>>> print(open('query_33.cif').read())   # mmCIF, C-alpha atoms and all ligand atoms
data_query
#
loop_
_atom_site.label_atom_id
_atom_site.label_comp_id
_atom_site.auth_asym_id
_atom_site.auth_seq_id
_atom_site.Cartn_x
_atom_site.Cartn_y
_atom_site.Cartn_z
CA MET A 248 -18.27 -77.55 -32.89
CA ARG A 249 -19.60 -74.22 -34.22
CA ILE A 250 -18.95 -73.59 -37.88
CA LEU A 251 -20.32 -71.46 -40.68
CA LEU A 252 -19.95 -72.08 -44.41
CA LEU A 253 -19.44 -69.23 -46.85
CA GLY A 254 -19.53 -69.34 -50.63
CA PRO A 255 -21.56 -68.22 -53.63
CA PRO A 256 -24.86 -69.82 -54.63
CA GLY A 257 -24.07 -73.33 -55.88
CA ALA A 258 -20.71 -73.56 -54.08
CA GLY A 259 -21.96 -76.67 -52.27
CA LYS A 260 -22.78 -75.17 -48.87
CA GLY A 261 -25.95 -77.24 -48.43
CA THR A 262 -24.28 -80.43 -49.67
CA GLN A 263 -21.28 -80.02 -47.38
CA ALA A 264 -23.21 -78.72 -44.36
CA ALA A 265 -25.39 -81.85 -44.41
CA ARG A 266 -22.28 -84.06 -44.46
CA LEU A 267 -20.46 -82.14 -41.75
CA ALA A 268 -23.57 -82.19 -39.54
CA ALA A 269 -23.86 -85.96 -39.96
CA SER A 270 -20.18 -86.73 -39.35
CA ALA A 271 -19.72 -84.32 -36.41
CA ARG A 272 -23.23 -84.96 -35.00
CA ILE A 273 -24.15 -81.31 -34.92
CA ALA A 274 -27.23 -79.42 -36.16
CA HIS A 275 -27.49 -78.21 -39.76
CA VAL A 276 -28.96 -74.71 -39.71
CA ALA A 277 -29.85 -73.54 -43.23
CA THR A 278 -31.74 -70.27 -43.51
CA GLY A 279 -32.68 -70.92 -47.16
CA ASP A 280 -34.22 -74.29 -46.20
CA MET A 281 -36.09 -72.71 -43.29
CA PHE A 282 -37.49 -69.98 -45.54
CA ARG A 283 -38.47 -72.49 -48.26
CA GLN A 284 -40.24 -74.66 -45.66
CA ALA A 285 -42.11 -71.57 -44.41
CA VAL A 286 -43.21 -70.75 -47.98
CA ALA A 287 -44.34 -74.36 -48.56
CA ALA A 288 -46.27 -74.35 -45.27
CA GLY A 289 -47.99 -71.06 -46.16
CA SER A 290 -47.01 -69.53 -42.80
CA ASP A 291 -46.81 -65.78 -42.02
CA LEU A 292 -43.02 -66.02 -42.36
CA GLY A 293 -43.45 -67.71 -45.74
CA ALA A 294 -45.73 -64.93 -46.96
CA ARG A 295 -43.13 -62.34 -45.95
CA VAL A 296 -40.18 -64.00 -47.70
CA ARG A 297 -41.70 -65.60 -50.83
CA ASP A 298 -41.44 -62.64 -53.22
CA VAL A 299 -37.97 -61.69 -52.01
CA MET A 300 -36.68 -65.22 -52.63
CA GLU A 301 -38.29 -65.48 -56.05
CA ARG A 302 -36.46 -62.30 -57.07
CA GLY A 303 -33.13 -63.63 -55.79
CA ALA A 304 -32.88 -60.77 -53.29
CA LEU A 305 -32.13 -61.04 -49.57
CA VAL A 306 -34.68 -61.37 -46.79
CA PRO A 307 -34.38 -58.35 -44.42
CA ASP A 308 -31.65 -58.69 -41.79
CA ASP A 309 -33.91 -58.24 -38.74
CA LEU A 310 -36.25 -61.02 -39.84
CA THR A 311 -33.37 -63.37 -40.72
CA VAL A 312 -31.53 -62.75 -37.45
CA ALA A 313 -34.74 -63.36 -35.45
CA VAL A 314 -35.21 -66.72 -37.21
CA VAL A 315 -31.60 -67.77 -36.52
CA ARG A 316 -31.71 -66.59 -32.90
CA GLN A 317 -34.72 -68.82 -32.26
CA ARG A 318 -33.19 -71.77 -34.16
CA LEU A 319 -29.86 -71.66 -32.28
CA GLY A 320 -31.77 -71.87 -29.00
CA ALA A 321 -33.22 -75.28 -29.96
CA GLY A 322 -31.96 -78.36 -28.12
CA ASP A 323 -30.35 -80.02 -31.14
CA CYS A 324 -27.92 -77.07 -31.43
CA GLY A 325 -26.52 -77.93 -27.97
CA PRO A 326 -23.63 -80.11 -29.25
CA GLY A 327 -22.88 -77.58 -31.99
CA PHE A 328 -24.08 -76.38 -35.37
CA VAL A 329 -23.08 -75.65 -38.93
CA LEU A 330 -24.62 -72.49 -40.37
CA ASP A 331 -25.40 -72.72 -44.10
CA GLY A 332 -26.43 -69.50 -45.86
CA PHE A 333 -26.12 -67.30 -42.78
CA PRO A 334 -24.73 -64.71 -42.28
CA ARG A 335 -25.02 -63.07 -45.68
CA THR A 336 -24.49 -59.40 -44.83
CA LEU A 337 -22.24 -57.47 -42.47
CA PRO A 338 -25.13 -56.58 -40.11
CA GLN A 339 -26.04 -60.30 -39.94
CA ALA A 340 -22.41 -61.22 -39.13
CA GLU A 341 -22.28 -58.59 -36.39
CA ALA A 342 -25.61 -59.80 -34.99
CA LEU A 343 -24.30 -63.37 -34.98
CA ASP A 344 -21.18 -62.32 -33.08
CA GLY A 345 -23.39 -60.61 -30.49
CA LEU A 346 -25.65 -63.63 -30.20
CA LEU A 347 -22.78 -66.11 -29.79
CA THR A 348 -21.11 -63.87 -27.21
CA GLU A 349 -24.39 -63.75 -25.30
CA MET A 350 -24.59 -67.55 -25.46
CA GLU A 351 -20.89 -67.85 -24.51
CA ARG A 352 -20.44 -70.13 -27.54
CA PRO A 353 -17.91 -68.50 -29.88
CA LEU A 354 -17.57 -69.52 -33.50
CA ASP A 355 -14.76 -72.01 -34.25
CA ALA A 356 -14.36 -71.18 -37.93
CA ALA A 357 -15.84 -69.63 -41.05
CA ILE A 358 -15.07 -72.08 -43.86
CA ALA A 359 -15.11 -70.54 -47.35
CA LEU A 360 -15.83 -72.95 -50.22
CA GLU A 361 -13.88 -71.75 -53.25
CA VAL A 362 -15.44 -72.69 -56.59
CA PRO A 363 -14.97 -70.97 -60.00
CA GLU A 364 -18.02 -69.13 -61.31
CA ALA A 365 -18.35 -71.32 -64.42
CA VAL A 366 -18.63 -74.40 -62.18
CA VAL A 367 -21.16 -72.71 -59.93
CA LEU A 368 -23.35 -71.85 -62.94
CA ARG A 369 -23.27 -75.47 -64.16
CA ARG A 370 -24.20 -76.72 -60.71
CA LEU A 371 -27.14 -74.34 -60.36
CA ALA A 372 -28.45 -75.11 -63.85
CA GLY A 373 -28.42 -78.87 -63.16
CA ARG A 374 -29.65 -78.85 -59.57
CA ARG A 375 -32.90 -80.64 -58.81
CA VAL A 376 -34.50 -80.79 -55.38
CA CYS A 377 -37.16 -82.94 -53.80
CA PRO A 378 -40.15 -80.77 -52.85
CA ARG A 379 -41.12 -83.24 -50.10
CA CYS A 380 -37.91 -84.10 -48.20
CA GLY A 381 -35.48 -81.49 -49.55
CA ALA A 382 -32.89 -83.96 -50.92
CA THR A 383 -30.65 -82.32 -53.54
CA TYR A 384 -29.52 -83.85 -56.84
CA HIS A 385 -27.67 -82.81 -59.97
CA VAL A 386 -28.74 -84.06 -63.39
CA ASP A 387 -25.13 -84.93 -64.38
CA THR A 388 -23.13 -85.61 -61.23
CA ASP A 389 -25.76 -87.00 -58.83
CA PRO A 390 -28.96 -87.78 -60.76
CA PRO A 391 -32.27 -88.63 -59.08
CA GLY A 392 -33.82 -92.07 -59.50
CA GLU A 393 -35.39 -93.37 -62.70
CA GLY A 394 -38.27 -91.18 -63.88
CA GLY A 395 -36.80 -88.21 -62.01
CA VAL A 396 -37.97 -89.34 -58.59
CA CYS A 397 -36.30 -88.70 -55.24
CA ARG A 398 -34.19 -91.67 -54.11
CA CYS A 399 -35.12 -90.95 -50.47
CA CYS A 400 -38.91 -90.56 -50.61
CA GLY A 401 -40.09 -91.22 -54.21
CA GLU A 402 -41.46 -87.72 -54.91
CA VAL A 403 -40.85 -86.23 -58.36
CA VAL A 404 -37.91 -83.81 -58.11
CA ALA A 405 -38.04 -80.27 -59.53
CA GLN A 406 -35.87 -77.27 -60.33
CA ARG A 407 -35.82 -74.58 -57.63
CA GLY A 408 -37.71 -71.44 -58.69
CA ASP A 409 -34.66 -69.27 -58.04
CA ASP A 410 -32.40 -71.48 -60.20
CA GLN A 411 -33.80 -69.94 -63.41
CA GLU A 412 -30.99 -68.30 -65.39
CA GLU A 413 -31.93 -64.66 -64.75
CA THR A 414 -32.44 -65.19 -61.01
CA GLN A 415 -29.15 -67.12 -60.77
CA ARG A 416 -27.34 -64.08 -62.16
CA ARG A 417 -29.09 -61.80 -59.72
CA ARG A 418 -28.18 -64.07 -56.78
CA LEU A 419 -24.52 -64.09 -57.84
CA GLU A 420 -24.51 -60.27 -58.01
CA VAL A 421 -26.08 -60.07 -54.56
CA TYR A 422 -23.43 -62.49 -53.27
CA GLN A 423 -20.58 -60.36 -54.64
CA ARG A 424 -22.04 -57.13 -53.29
CA ASP A 425 -23.35 -58.17 -49.86
CA THR A 426 -21.78 -61.47 -48.83
CA ALA A 427 -18.26 -61.62 -50.31
CA PRO A 428 -17.13 -58.81 -47.93
CA LEU A 429 -17.65 -61.27 -45.06
CA LEU A 430 -14.51 -63.10 -46.21
CA GLY A 431 -12.50 -60.08 -45.06
CA TYR A 432 -14.56 -59.76 -41.90
CA TYR A 433 -13.77 -63.32 -40.76
CA ALA A 434 -10.16 -63.14 -41.99
CA ALA A 435 -9.67 -60.11 -39.74
CA GLN A 436 -10.99 -62.20 -36.82
CA GLY A 437 -8.52 -64.99 -37.65
CA ARG A 438 -11.41 -67.40 -38.20
CA LEU A 439 -11.43 -67.79 -42.00
CA VAL A 440 -10.33 -71.10 -43.53
CA ALA A 441 -10.48 -71.49 -47.33
CA VAL A 442 -11.28 -74.92 -48.76
CA GLY A 443 -11.27 -75.84 -52.46
CA GLY A 444 -14.86 -76.75 -53.34
CA ASP A 445 -14.30 -77.81 -56.96
CA GLY A 446 -13.69 -81.52 -56.46
CA PRO A 447 -15.72 -84.66 -55.84
CA VAL A 448 -18.23 -84.25 -53.00
CA ASP A 449 -16.45 -86.79 -50.75
CA VAL A 450 -13.05 -85.16 -51.23
CA VAL A 451 -14.45 -81.71 -50.40
CA ALA A 452 -16.28 -83.19 -47.39
CA GLY A 453 -13.00 -84.60 -46.05
CA ALA A 454 -11.28 -81.22 -46.42
CA VAL A 455 -14.17 -79.42 -44.71
CA LEU A 456 -14.15 -81.88 -41.79
CA ARG A 457 -10.37 -81.54 -41.37
CA ALA A 458 -10.65 -77.73 -41.44
CA ALA A 459 -13.44 -77.79 -38.85
CA LEU A 460 -11.65 -80.22 -36.52
CA GLY A 461 -8.42 -78.23 -36.87
CA ARG A 462 -10.12 -75.09 -35.60
CA GLN A 463 -12.28 -76.61 -32.88
CA GLY A 464 -11.91 -74.88 -29.51
CA ARG A 465 -9.03 -72.63 -30.67
P1 LIG A 501 -30.03 -70.54 -50.03
O1 LIG A 501 -30.89 -71.71 -50.09
O2 LIG A 501 -29.10 -70.37 -48.90
O3 LIG A 501 -29.27 -70.46 -51.43
P2 LIG A 501 -27.74 -70.08 -51.81
O4 LIG A 501 -26.87 -69.48 -50.79
O5 LIG A 501 -27.94 -69.26 -53.03
O6 LIG A 501 -27.07 -71.40 -51.98
P3 LIG A 501 -27.59 -72.57 -52.82
O7 LIG A 501 -28.60 -73.37 -52.02
O8 LIG A 501 -28.05 -72.11 -54.17
O9 LIG A 501 -26.26 -73.38 -53.09
P4 LIG A 501 -25.35 -74.25 -52.15
O10 LIG A 501 -24.05 -73.55 -51.96
O11 LIG A 501 -26.08 -74.70 -50.92
O12 LIG A 501 -25.10 -75.48 -53.13
P5 LIG A 501 -25.70 -76.98 -53.11
O13 LIG A 501 -25.05 -77.75 -52.01
O14 LIG A 501 -27.20 -76.97 -53.16
O15 LIG A 501 -30.90 -69.20 -50.10
C1 LIG A 501 -31.99 -69.07 -50.99
C2 LIG A 501 -32.62 -67.70 -50.77
O16 LIG A 501 -33.14 -67.58 -49.42
C3 LIG A 501 -31.70 -66.50 -50.94
O17 LIG A 501 -31.54 -66.11 -52.30
C4 LIG A 501 -32.44 -65.44 -50.08
O18 LIG A 501 -33.55 -64.92 -50.77
C5 LIG A 501 -32.95 -66.27 -48.93
N1 LIG A 501 -31.98 -66.32 -47.80
C6 LIG A 501 -31.38 -67.45 -47.32
N2 LIG A 501 -30.54 -67.14 -46.30
C7 LIG A 501 -30.62 -65.79 -46.16
C8 LIG A 501 -29.96 -64.87 -45.27
N3 LIG A 501 -29.05 -65.27 -44.37
N4 LIG A 501 -30.26 -63.55 -45.41
C9 LIG A 501 -31.17 -63.13 -46.30
N5 LIG A 501 -31.81 -63.95 -47.18
C10 LIG A 501 -31.54 -65.27 -47.10
O19 LIG A 501 -25.12 -77.52 -54.49
C11 LIG A 501 -25.57 -76.98 -55.73
C12 LIG A 501 -25.61 -78.11 -56.79
O20 LIG A 501 -24.28 -78.56 -57.02
C13 LIG A 501 -26.42 -79.34 -56.37
O21 LIG A 501 -27.07 -79.85 -57.51
C14 LIG A 501 -25.37 -80.33 -55.86
O22 LIG A 501 -25.76 -81.67 -56.06
C15 LIG A 501 -24.17 -79.96 -56.74
N6 LIG A 501 -22.88 -80.14 -56.05
C16 LIG A 501 -22.56 -79.74 -54.78
N7 LIG A 501 -21.27 -80.04 -54.51
C17 LIG A 501 -20.76 -80.64 -55.64
C18 LIG A 501 -19.48 -81.17 -55.98
N8 LIG A 501 -18.45 -81.15 -55.09
N9 LIG A 501 -19.31 -81.69 -57.20
C19 LIG A 501 -20.33 -81.72 -58.10
N10 LIG A 501 -21.58 -81.24 -57.84
C20 LIG A 501 -21.79 -80.70 -56.61
#
>>> encode(input="query_33.cif", output="structure tokens", more="lines below")
Ligand code: AP5
Amino acid sequence: MRILLLGPPGAGKGTQAARLAASARIAHVATGDMFRQAVAAGSDLGARVRDVMERGALVPDDLTVAVVRQRLGAGDCGPGFVLDGFPRTLPQAEALDGLLTEMERPLDAAIALEVPEAVVLRRLAGRRVCPRCGATYHVDTDPPGEGGVCRCCGEVVAQRGDDQEETQRRRLEVYQRDTAPLLGYYAAQGRLVAVGGDGPVDVVAGAVLRAALGRQGR
């Protein structure tokens, strides 16, 4: 199964990609997570992307595509993958098409999570993440453990740097300008499936899984 998830910041791409990867036993490929890990590790890649991410801008296409190309070649992507946060621009989508053609592994579907902007803003404002294991929480709908610690590893959770109000706005603008046009791109390919993302996590997860299974191998 080869799927990508589209949607604005806070639509639930990370939440749903993790669930789809677990239920379909495929790899979860999240460019934002990979970049954050690189920043935390202090690698060369991290040094190149840190400022861009803090501003809520996009990492250059060539760098992002190179990271994804390498990741999709890893063994755990053999049974399939769900792309979360990639592609985000038209050149990235075209590069992905080229890469998947080269690999003879065409995309099954681009699943768009539809969530109203007011909901997205509430989700981003309340999101907390574990700096050690990456688990994601929300202060209202899915709170961390007592004392604000991660329920998976016990680390104190924190707000993501780019979830500050001003950066949130910037990320939403960037989404509308650079990423929303991909909805038309995948619709024209006959690969776009829209799923309502404004419901309980389990309900959305069921709809995403049905959409993915319905498109597999078509
Ligand atoms: P990235 O990490 O990809 O951020 P994003 O796309 O802005 O998406 P988010 O992680 O903010 O939201 P999400 O849709 O995953 O929502 P989540 O599941 O966490 O990218 C970060 C940065 O990296 C970019 O700004 C850019 O600089 C760079 N980058 C990454 N990829 C790039 C690329 N391809 N090209 C260039 N640059 C790139 O959910 C949000 C909150 O809502 C959570 O608290 C969650 O618990 C809650 N929630 C989720 N679903 C529900 C639900 N159904 N009901 C109630 N609450 C819910």
>>> residues_near_ligand(input="query_33.cif", ligand="ligand LIG 501 (chain A)", cutoff="7 Å", atoms="all atoms listed in the file", output="PDB file with C-alpha atoms, in the coordinates of the input")
ATOM      1  CA  GLY A 254     -19.530 -69.340 -50.630  1.00  0.00           C
ATOM      2  CA  PRO A 255     -21.560 -68.220 -53.630  1.00  0.00           C
ATOM      3  CA  PRO A 256     -24.860 -69.820 -54.630  1.00  0.00           C
ATOM      4  CA  GLY A 257     -24.070 -73.330 -55.880  1.00  0.00           C
ATOM      5  CA  ALA A 258     -20.710 -73.560 -54.080  1.00  0.00           C
ATOM      6  CA  GLY A 259     -21.960 -76.670 -52.270  1.00  0.00           C
ATOM      7  CA  LYS A 260     -22.780 -75.170 -48.870  1.00  0.00           C
ATOM      8  CA  GLY A 261     -25.950 -77.240 -48.430  1.00  0.00           C
ATOM      9  CA  THR A 262     -24.280 -80.430 -49.670  1.00  0.00           C
ATOM     10  CA  GLN A 263     -21.280 -80.020 -47.380  1.00  0.00           C
ATOM     11  CA  ALA A 277     -29.850 -73.540 -43.230  1.00  0.00           C
ATOM     12  CA  THR A 278     -31.740 -70.270 -43.510  1.00  0.00           C
ATOM     13  CA  GLY A 279     -32.680 -70.920 -47.160  1.00  0.00           C
ATOM     14  CA  ASP A 280     -34.220 -74.290 -46.200  1.00  0.00           C
ATOM     15  CA  PHE A 282     -37.490 -69.980 -45.540  1.00  0.00           C
ATOM     16  CA  VAL A 299     -37.970 -61.690 -52.010  1.00  0.00           C
ATOM     17  CA  MET A 300     -36.680 -65.220 -52.630  1.00  0.00           C
ATOM     18  CA  GLY A 303     -33.130 -63.630 -55.790  1.00  0.00           C
ATOM     19  CA  ALA A 304     -32.880 -60.770 -53.290  1.00  0.00           C
ATOM     20  CA  LEU A 305     -32.130 -61.040 -49.570  1.00  0.00           C
ATOM     21  CA  VAL A 306     -34.680 -61.370 -46.790  1.00  0.00           C
ATOM     22  CA  PRO A 307     -34.380 -58.350 -44.420  1.00  0.00           C
ATOM     23  CA  ASP A 308     -31.650 -58.690 -41.790  1.00  0.00           C
ATOM     24  CA  THR A 311     -33.370 -63.370 -40.720  1.00  0.00           C
ATOM     25  CA  ASP A 331     -25.400 -72.720 -44.100  1.00  0.00           C
ATOM     26  CA  GLY A 332     -26.430 -69.500 -45.860  1.00  0.00           C
ATOM     27  CA  PHE A 333     -26.120 -67.300 -42.780  1.00  0.00           C
ATOM     28  CA  PRO A 334     -24.730 -64.710 -42.280  1.00  0.00           C
ATOM     29  CA  ARG A 335     -25.020 -63.070 -45.680  1.00  0.00           C
ATOM     30  CA  ARG A 370     -24.200 -76.720 -60.710  1.00  0.00           C
ATOM     31  CA  LEU A 371     -27.140 -74.340 -60.360  1.00  0.00           C
ATOM     32  CA  GLY A 373     -28.420 -78.870 -63.160  1.00  0.00           C
ATOM     33  CA  ARG A 374     -29.650 -78.850 -59.570  1.00  0.00           C
ATOM     34  CA  ARG A 375     -32.900 -80.640 -58.810  1.00  0.00           C
ATOM     35  CA  THR A 383     -30.650 -82.320 -53.540  1.00  0.00           C
ATOM     36  CA  TYR A 384     -29.520 -83.850 -56.840  1.00  0.00           C
ATOM     37  CA  HIS A 385     -27.670 -82.810 -59.970  1.00  0.00           C
ATOM     38  CA  THR A 388     -23.130 -85.610 -61.230  1.00  0.00           C
ATOM     39  CA  ASP A 389     -25.760 -87.000 -58.830  1.00  0.00           C
ATOM     40  CA  ARG A 418     -28.180 -64.070 -56.780  1.00  0.00           C
ATOM     41  CA  GLY A 444     -14.860 -76.750 -53.340  1.00  0.00           C
ATOM     42  CA  ASP A 445     -14.300 -77.810 -56.960  1.00  0.00           C
ATOM     43  CA  GLY A 446     -13.690 -81.520 -56.460  1.00  0.00           C
ATOM     44  CA  PRO A 447     -15.720 -84.660 -55.840  1.00  0.00           C
ATOM     45  CA  VAL A 448     -18.230 -84.250 -53.000  1.00  0.00           C
ATOM     46  CA  VAL A 451     -14.450 -81.710 -50.400  1.00  0.00           C
TER      47      VAL A 451
END
>>> atom_distance(input="query_33.cif", atom1="atom CA of Leu368 of chain A", atom2="atom CA of Arg297 of chain A")
22.9 Å
>>> residues_around(input="query_33.cif", residues="Pro326 of chain A", least_positions_apart="5", cutoff="12 Å", atoms="all atoms listed in the file", output="list in words")
Met248, Arg249, Ile250, Ala268, Ala271, Arg272, Ile273, Ala274, His275, Leu319, Gly320, Ala321 and Arg352 of chain A
>>> residues_around(input="query_33.cif", residues="Thr414 of chain A", least_positions_apart="5", cutoff="8 Å", atoms="only C-alpha atoms", output="MDAnalysis selection string")
chainID A and resid 301:303 409
>>> write_last_selection(input="query_33.cif", atoms="C-alpha atoms", output="PDB file, in the coordinates of the input")
ATOM      1  CA  GLU A 301     -38.290 -65.480 -56.050  1.00  0.00           C
ATOM      2  CA  ARG A 302     -36.460 -62.300 -57.070  1.00  0.00           C
ATOM      3  CA  GLY A 303     -33.130 -63.630 -55.790  1.00  0.00           C
ATOM      4  CA  ASP A 409     -34.660 -69.270 -58.040  1.00  0.00           C
TER       5      ASP A 409
END
>>> closest_residue(input="query_33.cif", among="A:Ile358, A:Val315, A:Leu330, A:Ala434", to="Ala342 of chain A", atoms="all atoms listed in the file")
A:Val315
>>> axis_aligned_box(input="query_33.cif", around="segment 270-278 of chain A", padding_each_side="8 Å", output="AutoDock Vina command-line options")
--center_x -25.7 --center_y -78.5 --center_z -39.2 --size_x 28.0 --size_y 32.5 --size_z 24.6
>>> build_atoms(input="query_33.cif", residues="segment 409-431 of chain A", atoms="N, CA, C and O atoms", output="tab-separated table (two decimals), keeping the file's coordinate frame")
chain	number	residue	atom	x	y	z
A	409	ASP	N	-35.70	-70.29	-57.91
A	409	ASP	CA	-34.66	-69.27	-58.04
A	409	ASP	C	-33.41	-69.80	-58.75
A	409	ASP	O	-32.38	-69.15	-58.75
A	410	ASP	N	-33.51	-70.99	-59.37
A	410	ASP	CA	-32.40	-71.48	-60.20
A	410	ASP	C	-32.59	-71.16	-61.67
A	410	ASP	O	-31.80	-71.60	-62.52
A	411	GLN	N	-33.66	-70.40	-62.02
A	411	GLN	CA	-33.80	-69.94	-63.41
A	411	GLN	C	-32.64	-69.01	-63.73
A	411	GLN	O	-32.15	-68.31	-62.84
A	412	GLU	N	-32.24	-68.98	-65.02
A	412	GLU	CA	-30.99	-68.30	-65.39
A	412	GLU	C	-30.91	-66.84	-64.90
A	412	GLU	O	-29.91	-66.42	-64.31
A	413	GLU	N	-31.99	-66.09	-65.10
A	413	GLU	CA	-31.93	-64.66	-64.75
A	413	GLU	C	-31.79	-64.47	-63.24
A	413	GLU	O	-31.04	-63.61	-62.76
A	414	THR	N	-32.50	-65.31	-62.47
A	414	THR	CA	-32.44	-65.19	-61.01
A	414	THR	C	-31.09	-65.65	-60.49
A	414	THR	O	-30.55	-65.09	-59.54
A	415	GLN	N	-30.51	-66.67	-61.15
A	415	GLN	CA	-29.15	-67.12	-60.77
A	415	GLN	C	-28.18	-65.95	-60.85
A	415	GLN	O	-27.38	-65.74	-59.95
A	416	ARG	N	-28.26	-65.22	-61.97
A	416	ARG	CA	-27.34	-64.08	-62.16
A	416	ARG	C	-27.53	-63.05	-61.06
A	416	ARG	O	-26.57	-62.53	-60.50
A	417	ARG	N	-28.78	-62.79	-60.75
A	417	ARG	CA	-29.09	-61.80	-59.72
A	417	ARG	C	-28.52	-62.26	-58.36
A	417	ARG	O	-27.94	-61.48	-57.62
A	418	ARG	N	-28.67	-63.55	-58.06
A	418	ARG	CA	-28.18	-64.07	-56.78
A	418	ARG	C	-26.65	-63.96	-56.71
A	418	ARG	O	-26.09	-63.69	-55.65
A	419	LEU	N	-25.99	-64.20	-57.84
A	419	LEU	CA	-24.52	-64.09	-57.84
A	419	LEU	C	-24.08	-62.63	-57.63
A	419	LEU	O	-23.11	-62.36	-56.93
A	420	GLU	N	-24.83	-61.70	-58.21
A	420	GLU	CA	-24.51	-60.27	-58.01
A	420	GLU	C	-24.70	-59.90	-56.54
A	420	GLU	O	-23.87	-59.19	-55.95
A	421	VAL	N	-25.80	-60.37	-55.98
A	421	VAL	CA	-26.08	-60.07	-54.56
A	421	VAL	C	-24.98	-60.66	-53.68
A	421	VAL	O	-24.51	-60.04	-52.73
A	422	TYR	N	-24.52	-61.87	-54.03
A	422	TYR	CA	-23.43	-62.49	-53.27
A	422	TYR	C	-22.18	-61.60	-53.31
A	422	TYR	O	-21.59	-61.32	-52.26
A	423	GLN	N	-21.80	-61.17	-54.52
A	423	GLN	CA	-20.58	-60.36	-54.64
A	423	GLN	C	-20.70	-59.05	-53.86
A	423	GLN	O	-19.76	-58.63	-53.18
A	424	ARG	N	-21.88	-58.44	-53.92
A	424	ARG	CA	-22.04	-57.13	-53.29
A	424	ARG	C	-22.17	-57.24	-51.77
A	424	ARG	O	-21.51	-56.50	-51.04
A	425	ASP	N	-23.00	-58.17	-51.29
A	425	ASP	CA	-23.35	-58.17	-49.86
A	425	ASP	C	-22.64	-59.22	-49.03
A	425	ASP	O	-22.44	-59.03	-47.84
A	426	THR	N	-22.30	-60.36	-49.64
A	426	THR	CA	-21.78	-61.47	-48.83
A	426	THR	C	-20.27	-61.65	-48.96
A	426	THR	O	-19.61	-61.95	-47.96
A	427	ALA	N	-19.71	-61.43	-50.16
A	427	ALA	CA	-18.26	-61.62	-50.31
A	427	ALA	C	-17.45	-60.78	-49.31
A	427	ALA	O	-16.40	-61.24	-48.83
A	428	PRO	N	-17.91	-59.57	-48.93
A	428	PRO	CA	-17.13	-58.81	-47.93
A	428	PRO	C	-16.97	-59.53	-46.59
A	428	PRO	O	-16.07	-59.20	-45.81
A	429	LEU	N	-17.79	-60.54	-46.33
A	429	LEU	CA	-17.65	-61.27	-45.06
A	429	LEU	C	-16.36	-62.09	-45.02
A	429	LEU	O	-15.89	-62.46	-43.95
A	430	LEU	N	-15.79	-62.38	-46.20
A	430	LEU	CA	-14.51	-63.10	-46.21
A	430	LEU	C	-13.46	-62.28	-45.46
A	430	LEU	O	-12.71	-62.80	-44.64
A	431	GLY	N	-13.45	-60.98	-45.74
A	431	GLY	CA	-12.50	-60.08	-45.06
A	431	GLY	C	-12.84	-59.94	-43.59
A	431	GLY	O	-11.94	-59.87	-42.73
